[in-house]
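Source file input21.tsv; content: TSV, C-alpha atoms.
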chain	number	residue	atom	x	y	z
J	1	MET	CA	0.00	0.00	0.00
J	2	ARG	CA	2.97	2.22	0.71
J	3	PHE	CA	4.16	1.90	-2.91
J	4	THR	CA	0.71	1.96	-4.56
J	5	MET	CA	-0.06	5.62	-3.98
J	6	PRO	CA	3.18	6.99	-5.48
J	7	ALA	CA	2.80	4.70	-8.50
J	8	LEU	CA	-0.77	5.86	-9.03
J	9	ALA	CA	0.37	9.49	-8.79
J	10	VAL	CA	3.06	8.86	-11.37
J	11	VAL	CA	0.53	7.26	-13.75
J	12	VAL	CA	-1.89	10.16	-13.35
J	13	ALA	CA	0.92	12.66	-13.92
J	14	ALA	CA	1.99	10.77	-17.03
J	15	ILE	CA	-1.55	10.81	-18.37
J	16	LEU	CA	-1.83	14.54	-17.73
J	17	VAL	CA	1.49	15.19	-19.43
J	18	ALA	CA	0.46	13.03	-22.39
J	19	SER	CA	-2.89	14.81	-22.71
J	20	GLN	CA	-1.11	18.15	-22.66
J	21	SER	CA	1.33	16.92	-25.31
J	22	MET	CA	-1.23	15.80	-27.91
J	23	PHE	CA	-3.77	17.77	-29.88
J	24	THR	CA	-5.94	17.15	-32.95
J	25	VAL	CA	-6.71	19.34	-35.95
J	26	ALA	CA	-10.13	18.83	-37.61
J	27	GLN	CA	-10.78	18.94	-41.34
J	28	THR	CA	-12.46	22.34	-40.97
J	29	GLN	CA	-9.48	23.91	-39.15
J	30	TYR	CA	-6.01	25.32	-39.54
J	31	ALA	CA	-3.69	25.39	-36.53
J	32	ILE	CA	-0.57	27.32	-35.50
J	33	LYS	CA	1.84	26.01	-32.87
J	34	PHE	CA	3.46	28.66	-30.67
J	35	GLN	CA	6.46	28.43	-28.37
J	36	LEU	CA	6.76	31.23	-25.84
J	37	GLY	CA	4.65	33.44	-28.13
J	38	GLU	CA	6.63	32.75	-31.31
J	39	VAL	CA	5.20	30.86	-34.27
J	40	VAL	CA	6.86	27.47	-34.47
J	41	GLU	CA	4.72	25.62	-37.01
J	42	GLU	CA	1.60	26.10	-39.12
J	43	ILE	CA	-0.57	23.02	-39.59
J	44	ASN	CA	-2.79	22.79	-42.68
J	45	ALA	CA	-3.68	19.08	-42.66
J	46	PRO	CA	-6.08	17.36	-40.25
J	47	GLY	CA	-4.74	14.73	-37.84
J	48	LEU	CA	-3.11	14.06	-34.44
J	49	TYR	CA	-0.10	16.19	-33.47
J	50	PHE	CA	2.24	16.64	-30.50
J	51	LYS	CA	3.54	19.66	-28.61
J	52	LEU	CA	5.64	20.37	-25.54
J	53	PRO	CA	3.44	20.88	-22.50
J	54	VAL	CA	3.45	24.32	-20.88
J	55	VAL	CA	6.11	25.63	-23.26
J	56	GLN	CA	4.07	25.31	-26.44
J	57	ASN	CA	0.44	26.14	-27.18
J	58	VAL	CA	-1.88	25.86	-30.21
J	59	LYS	CA	-4.38	28.26	-31.76
J	60	TYR	CA	-7.05	27.16	-34.25
J	61	PHE	CA	-8.52	28.96	-37.26
J	62	ASP	CA	-11.56	28.17	-39.41
J	63	ARG	CA	-10.71	27.05	-42.95
J	64	ARG	CA	-14.32	27.05	-44.22
J	65	ASN	CA	-15.92	29.79	-46.31
J	66	LEU	CA	-16.88	32.73	-44.14
J	67	THR	CA	-19.51	35.40	-44.83
J	68	LEU	CA	-19.18	39.16	-44.80
J	69	ASP	CA	-22.51	40.98	-44.54
J	70	ILE	CA	-22.88	44.74	-44.29
J	71	PRO	CA	-25.46	46.16	-41.87
J	72	GLU	CA	-26.65	48.93	-44.22
J	73	PRO	CA	-26.65	49.25	-48.04
J	74	ASP	CA	-23.81	51.29	-49.53
J	75	ARG	CA	-24.59	54.49	-51.44
J	76	VAL	CA	-22.71	54.59	-54.76
J	77	THR	CA	-22.83	56.89	-57.79
J	78	THR	CA	-23.09	55.93	-61.47
J	79	SER	CA	-21.28	57.62	-64.35
J	80	GLU	CA	-24.42	59.76	-64.79
J	81	LYS	CA	-24.00	61.05	-61.20
J	82	LYS	CA	-27.11	59.19	-60.13
J	83	PRO	CA	-27.10	57.61	-56.65
J	84	LEU	CA	-27.88	53.97	-55.96
J	85	LEU	CA	-28.17	51.89	-52.80
J	86	VAL	CA	-26.24	48.63	-53.12
J	87	GLU	CA	-26.43	45.65	-50.79
J	88	PHE	CA	-23.82	42.93	-51.24
J	89	VAL	CA	-22.45	39.80	-49.59
J	90	VAL	CA	-18.88	38.48	-49.69
J	91	LEU	CA	-17.66	34.90	-49.28
J	92	TRP	CA	-14.06	34.66	-48.08
J	93	ARG	CA	-11.71	32.16	-46.46
J	94	ILE	CA	-8.25	31.95	-44.93
J	95	ASN	CA	-5.71	30.53	-47.37
J	96	ASP	CA	-2.42	31.42	-45.61
J	97	VAL	CA	-2.84	30.96	-41.87
J	98	ARG	CA	0.62	32.29	-40.91
J	99	LYS	CA	0.17	35.51	-42.92
J	100	PHE	CA	-3.37	35.83	-41.56
J	101	TYR	CA	-2.07	35.66	-37.99
J	102	VAL	CA	0.80	38.04	-38.60
J	103	SER	CA	-1.36	40.60	-40.45
J	104	VAL	CA	-4.47	40.78	-38.25
J	105	GLN	CA	-3.34	38.72	-35.22
J	106	GLY	CA	-5.75	36.02	-36.30
J	107	ASP	CA	-8.78	38.25	-35.57
J	108	GLU	CA	-11.65	37.48	-37.95
J	109	GLU	CA	-13.43	40.74	-37.13
J	110	ALA	CA	-10.34	42.74	-38.03
J	111	ALA	CA	-10.14	40.79	-41.30
J	112	ARG	CA	-13.83	41.53	-41.99
J	113	ARG	CA	-13.27	45.26	-41.47
J	114	ARG	CA	-10.33	45.21	-43.88
J	115	LEU	CA	-12.29	43.24	-46.49
J	116	SER	CA	-15.34	45.48	-46.10
J	117	GLN	CA	-13.28	48.59	-46.87
J	118	THR	CA	-11.62	46.91	-49.87
J	119	VAL	CA	-14.85	45.57	-51.39
J	120	ARG	CA	-16.75	48.84	-50.86
J	121	SER	CA	-14.00	50.88	-52.48
J	122	ASN	CA	-13.76	48.63	-55.54
J	123	LEU	CA	-17.52	48.30	-55.85
J	124	ALA	CA	-17.98	52.08	-55.84
J	125	GLU	CA	-15.27	52.37	-58.49
J	126	GLU	CA	-17.00	49.84	-60.76
J	127	PHE	CA	-20.39	51.53	-60.43
J	128	ASN	CA	-18.83	54.90	-61.18
J	129	LYS	CA	-17.71	53.58	-64.60
J	130	ARG	CA	-21.21	52.56	-65.69
J	131	THR	CA	-24.61	54.08	-66.37
J	132	MET	CA	-27.62	53.23	-64.24
J	133	HIS	CA	-29.05	50.92	-66.91
J	134	GLU	CA	-25.75	49.06	-67.24
J	135	ALA	CA	-25.31	48.75	-63.48
J	136	ILE	CA	-28.83	47.46	-62.88
J	137	SER	CA	-29.46	45.31	-65.94
J	138	THR	CA	-26.75	44.51	-68.42
J	139	GLN	CA	-23.43	44.52	-66.53
J	140	ARG	CA	-24.12	43.21	-63.03
J	141	ASP	CA	-21.99	40.13	-63.62
J	142	GLN	CA	-19.08	42.23	-64.87
J	143	ILE	CA	-19.31	44.45	-61.78
J	144	MET	CA	-19.24	41.46	-59.41
J	145	SER	CA	-16.39	39.76	-61.27
J	146	ALA	CA	-14.21	42.88	-61.41
J	147	THR	CA	-14.87	43.70	-57.76
J	148	ARG	CA	-13.97	40.17	-56.67
J	149	THR	CA	-10.74	40.19	-58.67
J	150	LYS	CA	-9.55	43.55	-57.30
J	151	ALA	CA	-10.60	42.81	-53.72
J	152	ASP	CA	-8.96	39.38	-53.84
J	153	SER	CA	-5.66	40.93	-54.89
J	154	ASP	CA	-5.66	43.11	-51.77
J	155	ALA	CA	-7.06	40.39	-49.48
J	156	ARG	CA	-4.17	38.05	-50.21
J	157	ASN	CA	-1.87	40.52	-48.43
J	158	ILE	CA	-3.47	39.39	-45.16
J	159	GLY	CA	-3.63	35.68	-46.05
J	160	VAL	CA	-7.27	35.74	-47.19
J	161	GLU	CA	-8.96	34.70	-50.44
J	162	ILE	CA	-12.15	36.33	-51.78
J	163	VAL	CA	-14.29	33.45	-53.01
J	164	ASP	CA	-17.22	35.45	-54.38
J	165	VAL	CA	-18.91	38.85	-54.35
J	166	ARG	CA	-22.68	38.92	-54.90
J	167	LEU	CA	-24.97	41.92	-55.39
J	168	ARG	CA	-28.11	41.09	-53.44
J	169	ARG	CA	-30.06	44.28	-54.08
J	170	ILE	CA	-29.73	47.49	-56.07
J	171	GLU	CA	-32.31	50.21	-55.60
J	172	LEU	CA	-32.79	53.94	-55.80
J	173	PRO	CA	-32.58	56.07	-52.64
J	174	ALA	CA	-35.90	57.23	-51.24
J	175	ASP	CA	-35.20	60.88	-52.09
J	176	VAL	CA	-34.87	60.18	-55.83
J	177	VAL	CA	-37.43	57.40	-56.32
J	178	GLY	CA	-40.36	59.80	-56.83
J	179	PRO	CA	-38.73	62.03	-59.49
J	180	VAL	CA	-37.29	59.03	-61.32
J	181	TYR	CA	-40.66	57.28	-61.46
J	182	ALA	CA	-42.33	60.50	-62.63
J	183	ARG	CA	-39.73	60.90	-65.37
J	184	MET	CA	-40.16	57.25	-66.39
J	185	GLU	CA	-43.95	57.69	-66.48
J	186	SER	CA	-43.60	60.81	-68.62
J	187	GLU	CA	-41.25	59.04	-71.00
J	188	ARG	CA	-43.56	56.02	-71.29
J	189	ARG	CA	-46.51	58.34	-71.93
J	190	ARG	CA	-44.56	60.12	-74.68
J	191	VAL	CA	-43.65	56.81	-76.31
J	192	ALA	CA	-47.27	55.63	-76.03
J	193	ASN	CA	-48.52	58.80	-77.73
J	194	GLU	CA	-45.99	58.37	-80.53
J	195	LEU	CA	-47.09	54.80	-81.02
J	196	ARG	CA	-50.74	55.84	-81.08
J	197	SER	CA	-49.99	58.53	-83.69
J	198	GLU	CA	-48.05	56.08	-85.81
J	199	GLY	CA	-50.86	53.55	-85.45
J	200	ALA	CA	-53.49	56.09	-86.48
J	201	ALA	CA	-51.46	57.10	-89.53
J	202	GLU	CA	-50.91	53.49	-90.49
J	203	SER	CA	-54.62	52.80	-89.97
J	204	GLU	CA	-55.58	55.63	-92.34
J	205	LYS	CA	-53.08	54.38	-94.85
J	206	ILE	CA	-54.49	50.86	-94.68
J	207	ARG	CA	-58.08	52.13	-94.98
J	208	ALA	CA	-57.20	54.29	-98.00
J	209	ASP	CA	-55.45	51.39	-99.66
J	210	ALA	CA	-58.39	49.09	-98.89
J	211	ASP	CA	-60.88	51.63	-100.35
J	212	ARG	CA	-58.74	51.99	-103.48
J	213	GLN	CA	-58.57	48.22	-103.89
J	214	ARG	CA	-62.34	48.00	-103.36
J	215	GLU	CA	-63.01	50.53	-106.10
J	216	VAL	CA	-60.61	48.75	-108.43
J	217	ILE	CA	-62.20	45.37	-107.70
J	218	LEU	CA	-65.75	46.72	-108.18
J	219	ALA	CA	-64.81	48.44	-111.42
J	220	ASP	CA	-63.12	45.33	-112.72
J	221	ALA	CA	-66.10	43.18	-111.69
J	222	TYR	CA	-68.56	45.60	-113.38
J	223	ARG	CA	-66.45	45.58	-116.53
J	224	GLN	CA	-66.36	41.79	-116.57
J	225	ALA	CA	-70.12	41.62	-115.86
J	226	GLN	CA	-70.89	43.98	-118.70
J	227	LYS	CA	-68.65	42.01	-120.98
J	228	VAL	CA	-70.36	38.76	-120.02
J	229	LYS	CA	-73.76	40.37	-120.42
J	230	GLY	CA	-72.82	41.74	-123.83
J	231	ASP	CA	-71.50	38.36	-124.89
J	232	GLY	CA	-74.74	36.75	-123.71
J	233	ASP	CA	-76.90	39.26	-125.53
J	234	ALA	CA	-74.85	38.77	-128.67
J	235	ARG	CA	-75.17	35.00	-128.44
J	236	ALA	CA	-78.91	35.30	-127.78
J	237	ALA	CA	-79.34	37.61	-130.77
J	238	ALA	CA	-77.32	35.22	-132.92
J	239	ILE	CA	-79.44	32.28	-131.77
J	240	TYR	CA	-82.66	34.21	-132.45
J	241	ALA	CA	-81.40	35.24	-135.87
J	242	ALA	CA	-80.35	31.71	-136.72
J	243	ALA	CA	-83.69	30.31	-135.55
J	244	TYR	CA	-85.56	32.94	-137.50
J	245	GLY	CA	-83.53	32.22	-140.60
J	246	ILE	CA	-84.26	28.49	-140.46
J	247	ASN	CA	-88.09	28.81	-140.23
J	248	PRO	CA	-89.45	32.32	-139.89
J	249	GLU	CA	-93.06	31.22	-139.69
J	250	PHE	CA	-92.38	28.74	-136.86
J	251	PHE	CA	-90.29	31.35	-135.06
J	252	ALA	CA	-93.12	33.87	-135.26
J	253	PHE	CA	-95.51	31.17	-134.01
J	254	TRP	CA	-93.23	30.36	-131.06
J	255	ARG	CA	-92.87	34.00	-130.13
J	256	SER	CA	-96.65	34.34	-130.24
J	257	LEU	CA	-97.02	31.38	-127.89
J	258	ASP	CA	-94.63	33.03	-125.48
J	259	ALA	CA	-96.72	36.20	-125.69
J	260	TYR	CA	-99.90	34.22	-125.04
J	261	ARG	CA	-98.28	32.45	-122.09
J	262	ALA	CA	-97.14	35.72	-120.57
J	263	GLY	CA	-100.42	37.60	-121.24
J	264	LEU	CA	-102.87	34.84	-120.26
J	265	ARG	CA	-101.07	33.45	-117.20
J	266	GLY	CA	-103.99	33.33	-114.78
J	267	ARG	CA	-107.60	32.22	-114.99
J	268	ASN	CA	-108.91	35.70	-114.26
J	269	ASP	CA	-106.63	37.59	-116.64
J	270	VAL	CA	-108.53	39.88	-119.01
J	271	LEU	CA	-107.19	41.50	-122.18
J	272	VAL	CA	-109.10	44.31	-123.87
J	273	LEU	CA	-107.86	44.23	-127.46
J	274	ASP	CA	-109.17	44.52	-130.97
J	275	PRO	CA	-109.83	40.97	-132.23
J	276	SER	CA	-108.35	41.91	-135.56
J	277	SER	CA	-105.02	42.88	-134.00
J	278	GLU	CA	-101.82	41.04	-134.81
J	279	PHE	CA	-101.84	39.51	-131.30
J	280	PHE	CA	-104.71	37.18	-132.33
J	281	ARG	CA	-103.25	36.25	-135.70
J	282	TYR	CA	-102.94	32.55	-134.96
J	283	PHE	CA	-106.35	32.45	-133.28
J	284	ARG	CA	-107.92	33.74	-136.44
J	285	GLN	CA	-106.09	31.20	-138.57
J	286	SER	CA	-107.20	28.29	-136.42
J	287	GLY	CA	-110.78	29.29	-135.58
J	288	GLY	CA	-111.77	31.87	-138.19
J	289	ARG	CA	-112.70	35.44	-137.67
J	290	ASP	CA	-115.94	34.73	-135.77
J	291	GLY	CA	-114.25	32.38	-133.38
J	292	ALA	CA	-111.52	34.88	-132.62
J	293	ARG	CA	-114.05	37.62	-132.12
J	294	GLY	CA	-116.05	35.50	-129.75
J	295	THR	CA	-112.98	34.50	-127.68
J	296	ALA	CA	-111.67	37.98	-126.83
J	297	LYS	CA	-114.16	40.23	-125.15

Would you write the structure of this file as structure tokens?
Amino acid sequence: MRFTMPALAVVVAAILVASQSMFTVAQTQYAIKFQLGEVVEEINAPGLYFKLPVVQNVKYFDRRNLTLDIPEPDRVTTSEKKPLLVEFVVLWRINDVRKFYVSVQGDEEAARRRLSQTVRSNLAEEFNKRTMHEAISTQRDQIMSATRTKADSDARNIGVEIVDVRLRRIELPADVVGPVYARMESERRRVANELRSEGAAESEKIRADADRQREVILADAYRQAQKVKGDGDARAAAIYAAAYGINPEFFAFWRSLDAYRAGLRGRNDVLVLDPSSEFFRYFRQSGGRDGARGTAK
């Protein structure tokens, strides 16, 4: 029992020393080993490592992508001297842990302040090169790309890499929204009036052309109708003449029958004529003068 207690104390001390001598670095971390405040080693790979107890210590740093958000939108100016409010977000990460520690003492907040100044300065410069339309619509990607490239060049001086810069919102300040909307409304109204005027002129042009075509079509149709009618009358006259030439007496008889059919169509039709008129010629030939005289009264 006399020797058990010292042995147990030695084992416990050995365990404590061993636990103080070992440390692990996760996959999401960098680590720097210090000895009496001086950097001894930077560790970039995950795993189990050893250090001297008491004399050496370890500090950890996050190697994942970190976010930089600004509390309020930045006010920038376009090449037309028009103000815009811009809200952006930055993704960044530590890529040189020793330089990061030396530059900003490993303080993420200090790094964020440095990156915020760099990104804001470059972003304002890019907006100042472009018109409002380009900044809002056509060249947003170019603005983000150029800002990221310039900010990344400065960020590497403190051991940091800019992964991405994203414009989340671009809007007009409250003091210029009203006049801008009024100007846009006036411009749209002017364009609408121009379009209406052009439409009315085109409408009149179409109507005039349609009326002209109508008159041409009607005239052409009347001409063709008259031609067809003339051709028909000519053919009818030729047919009548030919029929009359073949048998004039039969033709005269047939025309008389047509006259009788047209004049005596109904049962109650009455004709007041002289029985000796030419109209009753064939009646007289068939029934004699007395018969014809007795028929027409």

*One-decimal distance in Å that lies between CA of Ala151 (chain J) and CA of Tyr101 (chain J)*: 19.3 Å

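The gap separating CA of Arg169 (chain J) from CA of Asp154 (chain J) is 24.5 Å, in Å to one decimal.
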
*Using only C-alpha atoms, determine which residues lie at most 8 Å from region 31-45 of chain J, disregarding the query and same-chain residues fewer than 4 positions distant; provide the list as a ChimeraX atom specification.*
/J:25,27,51,55-61,97-98

Those residues you just picked out, can you put them in a file as a compact mmCIF listing (two decimals), in the frame of the given file with C-alpha atoms?
# COMPACT_ATOMS: atom_id res chain seq x y z
CA VAL J 25 -6.71 19.34 -35.95
CA GLN J 27 -10.78 18.94 -41.34
CA LYS J 51 3.54 19.66 -28.61
CA VAL J 55 6.11 25.63 -23.26
CA GLN J 56 4.07 25.31 -26.44
CA ASN J 57 0.44 26.14 -27.18
CA VAL J 58 -1.88 25.86 -30.21
CA LYS J 59 -4.38 28.26 -31.76
CA TYR J 60 -7.05 27.16 -34.25
CA PHE J 61 -8.52 28.96 -37.26
CA VAL J 97 -2.84 30.96 -41.87
CA ARG J 98 0.62 32.29 -40.91

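Remark: for Val90 (chain J), the closest of the candidate residues J:Val102, J:Met184, J:Val165, J:Met22 is J:Val165 (distances computed over only C-alpha atoms).
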
*Shell of 8 Å around Phe127 (chain J), all atoms listed in the file, local chain residues under 3 positions omitted, as a PyMOL selection string*: chain J and resi 76-79+123-124+130-131+135+143

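From CA of Thr149 (chain J) back to CA of Ile170 (chain J), the distance works out to 20.5 Å.
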